[in-house]
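Chemist: My structure is stored as final-v7.csv, with CSV, C-alpha atoms and all ligand atoms.
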```csv
chain,number,residue,atom,x,y,z
A,1,MET,CA,103.4,-100.7,117.7
A,2,ALA,CA,102.9,-101.9,121.2
A,3,ALA,CA,102.2,-98.5,122.4
A,4,CYS,CA,99.7,-98.2,125.2
A,5,MET,CA,97.8,-95.1,124.1
A,6,ASN,CA,95.1,-93.4,126.0
A,7,ARG,CA,93.3,-91.1,123.7
A,8,VAL,CA,91.5,-88.2,125.2
A,9,PHE,CA,89.6,-86.2,122.7
A,10,PHE,CA,88.2,-82.8,123.4
A,11,SER,CA,85.6,-81.8,121.0
A,12,LEU,CA,86.3,-79.0,118.6
A,13,VAL,CA,85.0,-76.0,120.4
A,14,LEU,CA,84.1,-72.6,119.3
A,15,LEU,CA,87.0,-70.5,120.5
A,16,ALA,CA,85.6,-67.3,121.8
A,17,SER,CA,88.2,-64.7,122.2
A,18,LEU,CA,90.7,-66.7,124.1
A,19,ALA,CA,93.2,-64.0,123.6
A,20,THR,CA,93.3,-61.7,126.5
A,21,GLY,CA,95.4,-58.9,125.2
A,22,SER,CA,98.9,-60.0,124.4
A,23,PHE,CA,98.5,-62.8,121.9
A,24,GLY,CA,96.4,-64.1,119.0
A,25,GLN,CA,95.9,-67.3,117.1
A,26,ASP,CA,98.1,-67.6,114.1
A,27,GLY,CA,97.9,-63.9,113.7
A,28,LYS,CA,94.2,-64.0,113.1
A,29,ALA,CA,91.9,-61.3,114.3
A,30,GLN,CA,91.0,-61.3,118.0
A,31,GLY,CA,88.6,-59.5,120.2
A,32,ALA,CA,86.1,-60.0,122.9
A,33,ASP,CA,83.1,-60.1,120.6
A,34,GLN,CA,84.8,-62.2,118.0
A,35,ALA,CA,84.4,-65.9,117.9
A,36,GLU,CA,86.2,-68.2,115.5
A,37,GLN,CA,86.6,-71.9,114.9
A,38,VAL,CA,90.2,-72.9,115.0
A,39,GLU,CA,91.7,-76.3,114.3
A,40,SER,CA,92.1,-78.5,117.4
A,41,LEU,CA,95.7,-78.7,118.6
A,42,ARG,CA,97.1,-82.2,118.0
A,43,ILE,CA,99.3,-83.0,121.0
A,44,LEU,CA,101.4,-86.1,121.6
A,45,LEU,CA,102.4,-86.3,125.3
A,46,ILE,CA,105.1,-88.8,126.3
A,47,THR,CA,105.1,-89.1,130.0
A,48,SER,CA,106.6,-91.9,132.1
A,49,GLY,CA,109.7,-93.0,134.0
A,50,CYS,CA,111.1,-92.2,137.3
A,51,CYS,CA,110.1,-90.0,140.2
A,52,HIS,CA,106.9,-88.0,139.4
A,53,ASP,CA,103.2,-88.1,139.5
A,54,TYR,CA,102.6,-88.2,135.7
A,55,ASP,CA,98.9,-88.9,135.8
A,56,PHE,CA,98.3,-85.8,138.0
A,57,GLN,CA,100.6,-83.6,135.8
A,58,THR,CA,98.9,-84.8,132.6
A,59,ARG,CA,95.4,-84.0,133.9
A,60,ALA,CA,96.6,-80.6,135.1
A,61,MET,CA,98.0,-79.7,131.7
A,62,GLN,CA,94.9,-80.8,130.0
A,63,LEU,CA,92.7,-78.8,132.3
A,64,ALA,CA,94.9,-75.7,132.0
A,65,LEU,CA,94.5,-75.7,128.2
A,66,GLU,CA,90.8,-76.5,128.4
A,67,LYS,CA,90.4,-73.6,130.9
A,68,ARG,CA,92.0,-71.3,128.3
A,69,GLY,CA,89.4,-72.4,125.7
A,70,VAL,CA,92.1,-74.1,123.6
A,71,SER,CA,90.7,-77.2,121.9
A,72,ALA,CA,93.1,-80.1,121.8
A,73,THR,CA,93.3,-83.8,121.0
A,74,TRP,CA,95.8,-85.6,123.2
A,75,ASP,CA,97.5,-88.9,122.5
A,76,ILE,CA,99.2,-89.9,125.7
A,77,VAL,CA,102.0,-92.5,125.7
A,78,SER,CA,102.8,-93.8,129.1
A,79,GLU,CA,105.2,-96.7,128.6
A,80,GLY,CA,108.5,-97.9,130.1
A,81,GLY,CA,107.5,-98.1,133.8
A,82,THR,CA,108.8,-96.0,136.6
A,83,GLY,CA,112.5,-96.8,136.4
A,84,THR,CA,115.3,-94.7,135.0
A,85,SER,CA,116.0,-96.7,131.8
A,86,ALA,CA,113.6,-97.8,129.1
A,87,GLN,CA,113.2,-97.9,125.4
A,88,ILE,CA,109.6,-97.4,124.4
A,89,GLY,CA,107.9,-98.8,121.4
A,90,LEU,CA,106.6,-95.5,120.2
A,91,TYR,CA,110.0,-94.6,118.8
A,92,ASP,CA,110.4,-97.8,116.8
A,93,LYS,CA,109.3,-96.0,113.6
A,94,ALA,CA,111.0,-92.9,112.2
A,95,THR,CA,107.5,-91.5,111.6
A,96,TRP,CA,106.5,-91.6,115.3
A,97,ALA,CA,105.6,-87.9,115.5
A,98,GLU,CA,103.9,-87.5,112.1
A,99,GLY,CA,100.7,-85.5,112.2
A,100,TYR,CA,101.2,-83.7,115.5
A,101,ASP,CA,101.3,-80.0,116.1
A,102,LEU,CA,103.2,-80.5,119.3
A,103,VAL,CA,105.1,-83.2,121.2
A,104,ILE,CA,105.4,-82.7,124.9
A,105,HIS,CA,108.2,-84.6,126.6
A,106,ASN,CA,107.5,-85.1,130.2
A,107,GLU,CA,109.4,-88.4,130.6
A,108,CYS,CA,112.3,-89.3,132.9
A,109,PHE,CA,114.8,-92.0,131.7
A,110,ALA,CA,118.2,-90.8,132.7
A,111,ASN,CA,120.0,-94.1,132.0
A,112,THR,CA,118.8,-94.8,128.5
A,113,THR,CA,121.9,-94.4,126.3
A,114,ASP,CA,121.3,-96.0,122.9
A,115,ALA,CA,122.5,-93.5,120.3
A,116,ASP,CA,120.3,-94.9,117.4
A,117,TYR,CA,117.2,-94.8,119.7
A,118,ILE,CA,117.9,-91.3,120.8
A,119,ARG,CA,118.5,-90.1,117.3
A,120,ARG,CA,115.2,-91.5,116.0
A,121,ILE,CA,113.6,-89.1,118.6
A,122,THR,CA,115.7,-86.0,117.8
A,123,ASP,CA,115.6,-86.6,114.0
A,124,ALA,CA,111.8,-86.2,114.0
A,125,HIS,CA,112.2,-82.9,115.8
A,126,ARG,CA,115.0,-81.7,113.6
A,127,GLN,CA,112.7,-82.2,110.7
A,128,GLY,CA,110.1,-79.9,112.2
A,129,VAL,CA,108.0,-81.5,114.9
A,130,ASN,CA,107.7,-78.8,117.6
A,131,ALA,CA,108.2,-79.6,121.2
A,132,VAL,CA,107.8,-78.7,124.8
A,133,VAL,CA,110.3,-80.2,127.3
A,134,ILE,CA,109.5,-80.4,131.0
A,135,HIS,CA,111.6,-80.9,134.1
A,136,CYS,CA,113.0,-84.5,134.0
A,137,ALA,CA,113.1,-84.5,130.2
A,138,MET,CA,116.3,-82.5,130.8
A,139,HIS,CA,117.8,-85.4,132.6
A,140,THR,CA,116.5,-88.0,130.2
A,141,TYR,CA,119.4,-89.7,128.3
A,142,ARG,CA,121.7,-87.9,130.7
A,143,SER,CA,124.1,-90.9,130.6
A,144,ALA,CA,124.3,-90.9,126.8
A,145,GLU,CA,127.6,-89.9,125.3
A,146,ILE,CA,126.0,-88.2,122.3
A,147,ASP,CA,124.8,-84.6,122.7
A,148,ASP,CA,121.9,-84.7,120.2
A,149,TRP,CA,119.2,-84.7,122.9
A,150,ARG,CA,120.8,-81.9,124.9
A,151,GLN,CA,121.2,-79.8,121.7
A,152,PHE,CA,117.5,-80.4,121.0
A,153,LEU,CA,116.6,-79.4,124.6
A,154,GLY,CA,118.7,-76.3,124.3
A,155,VAL,CA,120.4,-76.8,127.7
A,156,THR,CA,122.7,-79.4,129.3
A,157,SER,CA,121.9,-80.4,132.8
A,158,ARG,CA,123.0,-83.4,134.8
A,159,ARG,CA,121.9,-82.7,138.4
A,160,HIS,CA,119.6,-80.6,140.5
A,161,GLU,CA,119.6,-79.0,143.9
A,162,HIS,CA,117.1,-79.3,146.7
A,163,LYS,CA,113.5,-78.4,146.7
A,164,SER,CA,112.6,-74.9,147.6
A,165,HIS,CA,110.4,-72.0,146.6
A,166,TYR,CA,112.8,-70.3,144.2
A,167,PRO,CA,112.4,-66.7,143.0
A,168,ILE,CA,111.8,-66.6,139.3
A,169,GLU,CA,113.4,-63.6,137.5
A,170,VAL,CA,111.9,-62.8,134.1
A,171,VAL,CA,114.8,-62.1,131.7
A,172,ASP,CA,112.7,-61.4,128.6
A,173,ALA,CA,109.5,-59.7,129.7
A,174,GLU,CA,108.7,-58.9,126.1
A,175,HIS,CA,108.4,-62.5,125.0
A,176,GLN,CA,104.9,-63.7,124.5
A,177,ILE,CA,105.5,-66.7,126.7
A,178,MET,CA,106.2,-64.5,129.6
A,179,ALA,CA,103.4,-62.1,129.1
A,180,GLY,CA,101.8,-61.2,132.4
A,181,PHE,CA,104.3,-63.2,134.5
A,182,PRO,CA,104.5,-61.4,137.8
A,183,SER,CA,107.8,-59.9,139.0
A,184,GLY,CA,109.2,-61.2,142.2
A,185,TYR,CA,107.3,-64.5,141.8
A,186,ARG,CA,108.4,-67.6,143.7
A,187,SER,CA,108.0,-71.0,142.3
A,188,ALA,CA,105.9,-73.7,143.9
A,189,LEU,CA,108.0,-76.2,145.9
A,190,ASP,CA,110.3,-77.5,143.2
A,191,GLU,CA,113.9,-78.5,142.3
A,192,LEU,CA,116.4,-76.2,140.8
A,193,TYR,CA,118.2,-77.8,137.8
A,194,ILE,CA,121.8,-76.9,137.4
A,195,ILE,CA,122.4,-75.8,133.8
A,196,GLU,CA,125.9,-76.5,132.7
A,197,LYS,CA,125.5,-75.2,129.2
A,198,VAL,CA,123.1,-73.1,127.2
A,199,TRP,CA,123.2,-74.1,123.6
A,200,PRO,CA,123.7,-71.3,120.9
A,201,LYS,CA,120.1,-71.1,119.7
A,202,THR,CA,118.6,-71.0,123.1
A,203,LYS,CA,117.0,-67.8,124.3
A,204,VAL,CA,116.6,-67.7,128.1
A,205,LEU,CA,113.3,-66.3,129.3
A,206,ALA,CA,113.6,-66.7,133.0
A,207,THR,CA,116.2,-67.7,135.6
A,208,SER,CA,116.4,-68.7,139.3
A,209,VAL,CA,119.3,-68.5,141.7
A,210,SER,CA,120.9,-71.4,143.5
A,211,GLU,CA,120.5,-71.1,147.3
A,212,LYS,CA,123.9,-72.9,147.6
A,213,THR,CA,126.1,-71.1,145.1
A,214,GLY,CA,124.2,-67.9,144.2
A,215,GLU,CA,124.6,-68.8,140.5
A,216,LYS,CA,121.7,-68.1,138.1
A,217,HIS,CA,120.2,-71.0,136.1
A,218,PRO,CA,117.8,-70.8,133.3
A,219,VAL,CA,114.4,-72.2,134.2
A,220,MET,CA,112.4,-71.2,131.1
A,221,TRP,CA,113.7,-70.8,127.6
A,222,THR,CA,113.1,-71.3,123.9
A,223,ASN,CA,115.2,-73.1,121.4
A,224,HIS,CA,115.4,-73.8,117.7
A,225,PHE,CA,116.6,-77.2,116.7
A,226,GLY,CA,116.7,-77.9,112.9
A,227,LYS,CA,113.2,-76.8,111.7
A,228,CYS,CA,111.5,-77.2,115.1
A,229,ARG,CA,110.7,-74.9,118.0
A,230,VAL,CA,111.2,-75.9,121.5
A,231,PHE,CA,109.9,-74.4,124.8
A,232,GLY,CA,111.5,-75.7,127.9
A,233,THR,CA,111.2,-75.4,131.6
A,234,THR,CA,113.1,-77.2,134.3
A,235,TYR,CA,110.3,-76.7,136.8
A,236,GLY,CA,107.7,-79.4,137.1
A,237,HIS,CA,108.7,-81.8,139.9
A,238,SER,CA,105.9,-81.5,142.3
A,239,ASN,CA,102.1,-81.6,142.0
A,240,GLU,CA,102.2,-78.2,143.7
A,241,THR,CA,103.9,-76.8,140.6
A,242,PHE,CA,101.1,-78.2,138.4
A,243,GLN,CA,98.6,-76.5,140.6
A,244,ASP,CA,100.3,-73.1,140.3
A,245,GLU,CA,98.3,-71.0,137.9
A,246,VAL,CA,101.2,-68.7,137.1
A,247,PHE,CA,103.3,-71.7,136.1
A,248,LEU,CA,100.5,-73.3,134.1
A,249,LYS,CA,99.9,-70.0,132.2
A,250,ALA,CA,103.5,-69.8,131.2
A,251,LEU,CA,103.6,-73.5,130.3
A,252,THR,CA,100.5,-73.4,128.2
A,253,ASN,CA,101.9,-70.2,126.6
A,254,GLY,CA,104.8,-72.3,125.8
A,255,PHE,CA,102.6,-75.0,124.2
A,256,LEU,CA,101.0,-72.4,122.0
A,257,TRP,CA,104.2,-70.7,121.1
A,258,ALA,CA,105.9,-74.0,120.2
A,259,ALA,CA,102.9,-75.0,118.1
A,260,GLY,CA,103.0,-71.7,116.2
A,261,ARG,CA,99.8,-70.4,117.8
A,262,LEU,CA,101.5,-67.4,119.3
A,263,GLU,CA,103.4,-64.9,117.2
A,264,SER,CA,106.9,-66.0,116.8
A,265,LYS,CA,109.9,-64.2,118.3
A,301,ZN,ZN,111.9,-84.1,139.8
```
Please go through the file and, once you have read it, give me the structure as structure tokens.
Modeler:
Amino acid sequence: MAACMNRVFFSLVLLASLATGSFGQDGKAQGADQAEQVESLRILLITSGCCHDYDFQTRAMQLALEKRGVSATWDIVSEGGTGTSAQIGLYDKATWAEGYDLVIHNECFANTTDADYIRRITDAHRQGVNAVVIHCAMHTYRSAEIDDWRQFLGVTSRRHEHKSHYPIEVVDAEHQIMAGFPSGYRSALDELYIIEKVWPKTKVLATSVSEKTGEKHPVMWTNHFGKCRVFGTTYGHSNETFQDEVFLKALTNGFLWAAGRLESK
């Protein structure tokens, strides 16, 4: 595989009561005076393509998990350049996702359309590789005729509106991913993705309203695709978003939920 992989290893750390109230690790005991060694989260991050500062975003996500005391090993695949169309070597093998607890898609290749290529990606997820999908992942393979990727994402989106500080309305305050998310919160400067379709297994967690049409659009959700869990958010355009502690908390909650480290709902 011609993959250009930068491996960043965080050592296995003693996880001392990372749970602050609303969630635990694999249902294990939790508490301030309780320390336990948990297995490091094995993450594969795919991050490249058009329009965003992926190095900054990657580091922000790594630091956010580290700050929560979550030990993780990261394999980072940054291939395909900064255009809107590429087929990366990672996906040459059907087993590309083997061994990972979580695959994070933060890539942006709207004009890649090859059906076999796309299905090698979605098939791995269908078989049980959990995922988080961020921002332009929703417009990746946008020009493809097949719907497999969109079904995997849990939403269909083909365009976005202008950057603004959008109010985020929590739809499901009981969901672990949204625990502690403040009411009346406004996003960092970001784009609003127009959601044309919400797929049947998608559960919307939060929405924002278009300043142009007044229509609500999902901005955070969960999905089930085959045997895998997916957490998605359409926010994530700007570096400002990746400096927003509220966003990073929800995003890393999404990592843990998708990886089965939060109680399922
Ligand atoms: Zn963007």
Chemist: Show me which residues line ligand ZN 301 (chain A), defined as having an atom within 9 Å of a ligand atom where only C-alpha atoms and all ligand atoms count, and present them as a compact mmCIF listing (two decimals) with C-alpha atoms, in the frame of the given file.
Modeler:
```txt
# COMPACT_ATOMS: atom_id res chain seq x y z
CA CYS A 50 111.10 -92.20 137.30
CA CYS A 51 110.10 -90.00 140.20
CA HIS A 52 106.90 -88.00 139.40
CA CYS A 108 112.30 -89.30 132.90
CA HIS A 135 111.60 -80.90 134.10
CA CYS A 136 113.00 -84.50 134.00
CA HIS A 160 119.60 -80.60 140.50
CA ASP A 190 110.30 -77.50 143.20
CA GLU A 191 113.90 -78.50 142.30
CA THR A 234 113.10 -77.20 134.30
CA TYR A 235 110.30 -76.70 136.80
CA GLY A 236 107.70 -79.40 137.10
CA HIS A 237 108.70 -81.80 139.90
CA SER A 238 105.90 -81.50 142.30
```
Chemist: Using only C-alpha atoms, find each residue of region 131-212 of chain A with at least one atom at most 12 Å away from an atom of region 249-257 of chain A; report its shortest atom-to-atom pair and that distance in Å (one decimal), sort the rows by chain and rising residue number, and return the result as a Markdown table.
Modeler:
```
| residue | atom | partner | partner_atom | distance |
| --- | --- | --- | --- | --- |
| A:Ala131 | CA | A:Phe255 | CA | 7.8 |
| A:Val132 | CA | A:Phe255 | CA | 6.4 |
| A:Val133 | CA | A:Gly254 | CA | 9.7 |
| A:Ile134 | CA | A:Leu251 | CA | 9.1 |
| A:His135 | CA | A:Leu251 | CA | 11.5 |
| A:Val170 | CA | A:Ala250 | CA | 11.3 |
| A:Ala173 | CA | A:Ala250 | CA | 11.8 |
| A:His175 | CA | A:Trp257 | CA | 10.0 |
| A:Gln176 | CA | A:Asn253 | CA | 7.5 |
| A:Ile177 | CA | A:Asn253 | CA | 5.0 |
| A:Met178 | CA | A:Ala250 | CA | 6.2 |
| A:Ala179 | CA | A:Ala250 | CA | 8.0 |
| A:Gly180 | CA | A:Ala250 | CA | 8.8 |
| A:Phe181 | CA | A:Ala250 | CA | 7.4 |
| A:Pro182 | CA | A:Ala250 | CA | 10.7 |
| A:Leu205 | CA | A:Ala250 | CA | 10.6 |
| A:Ala206 | CA | A:Ala250 | CA | 10.7 |
```
Chemist: If I take CA of Arg142 (chain A) and CA of Ile118 (chain A), how far is one from the other in Å, to one decimal?
Modeler: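 Separation between CA of Arg142 (chain A) and CA of Ile118 (chain A): 11.1 Å.
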Chemist: Calculated over all atoms listed in the file, which of the candidates A:His217, A:Arg59, A:Lys93, A:His224 has the smallest distance to His125 (chain A)?
Modeler: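 Among A:His217, A:Arg59, A:Lys93, A:His224, it is A:His224 that comes nearest to His125 (chain A).
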Chemist: So how many Å separate CA of Tyr91 (chain A) and CA of Val129 (chain A), to one decimal?
Modeler: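 Taking CA of Tyr91 (chain A) as the start and CA of Val129 (chain A) as the end point, the length is 13.8 Å.
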Chemist: My list of candidates is A:Ser187, A:Leu262, A:Tyr141, A:Asn239. Which is closest to Ala60 (chain A) when distances are computed with all atoms listed in the file?
Modeler: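 The shortest atom-to-atom distance to Ala60 (chain A) comes from A:Asn239.
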Chemist: CA of Thr47 (chain A) to CA of His105 (chain A): how many Å, to one decimal?
Modeler: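 Going from CA of Thr47 (chain A) over to CA of His105 (chain A) covers 6.4 Å.
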Chemist: For Ser71 (chain A), which of A:Val38, A:Val103, A:Ala110, A:Ile88 is the closest residue, counting only C-alpha atoms?
Modeler: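 Of all the options, A:Val38 lies closest to Ser71 (chain A).
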Chemist: Hey, which of A:Arg229, A:Gly99, A:Val204, A:Ala64 ends up closest to Gly260 (chain A)? Count all atoms listed in the file.
Modeler: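 Among the listed residues, the smallest separation from Gly260 (chain A) belongs to A:Arg229.
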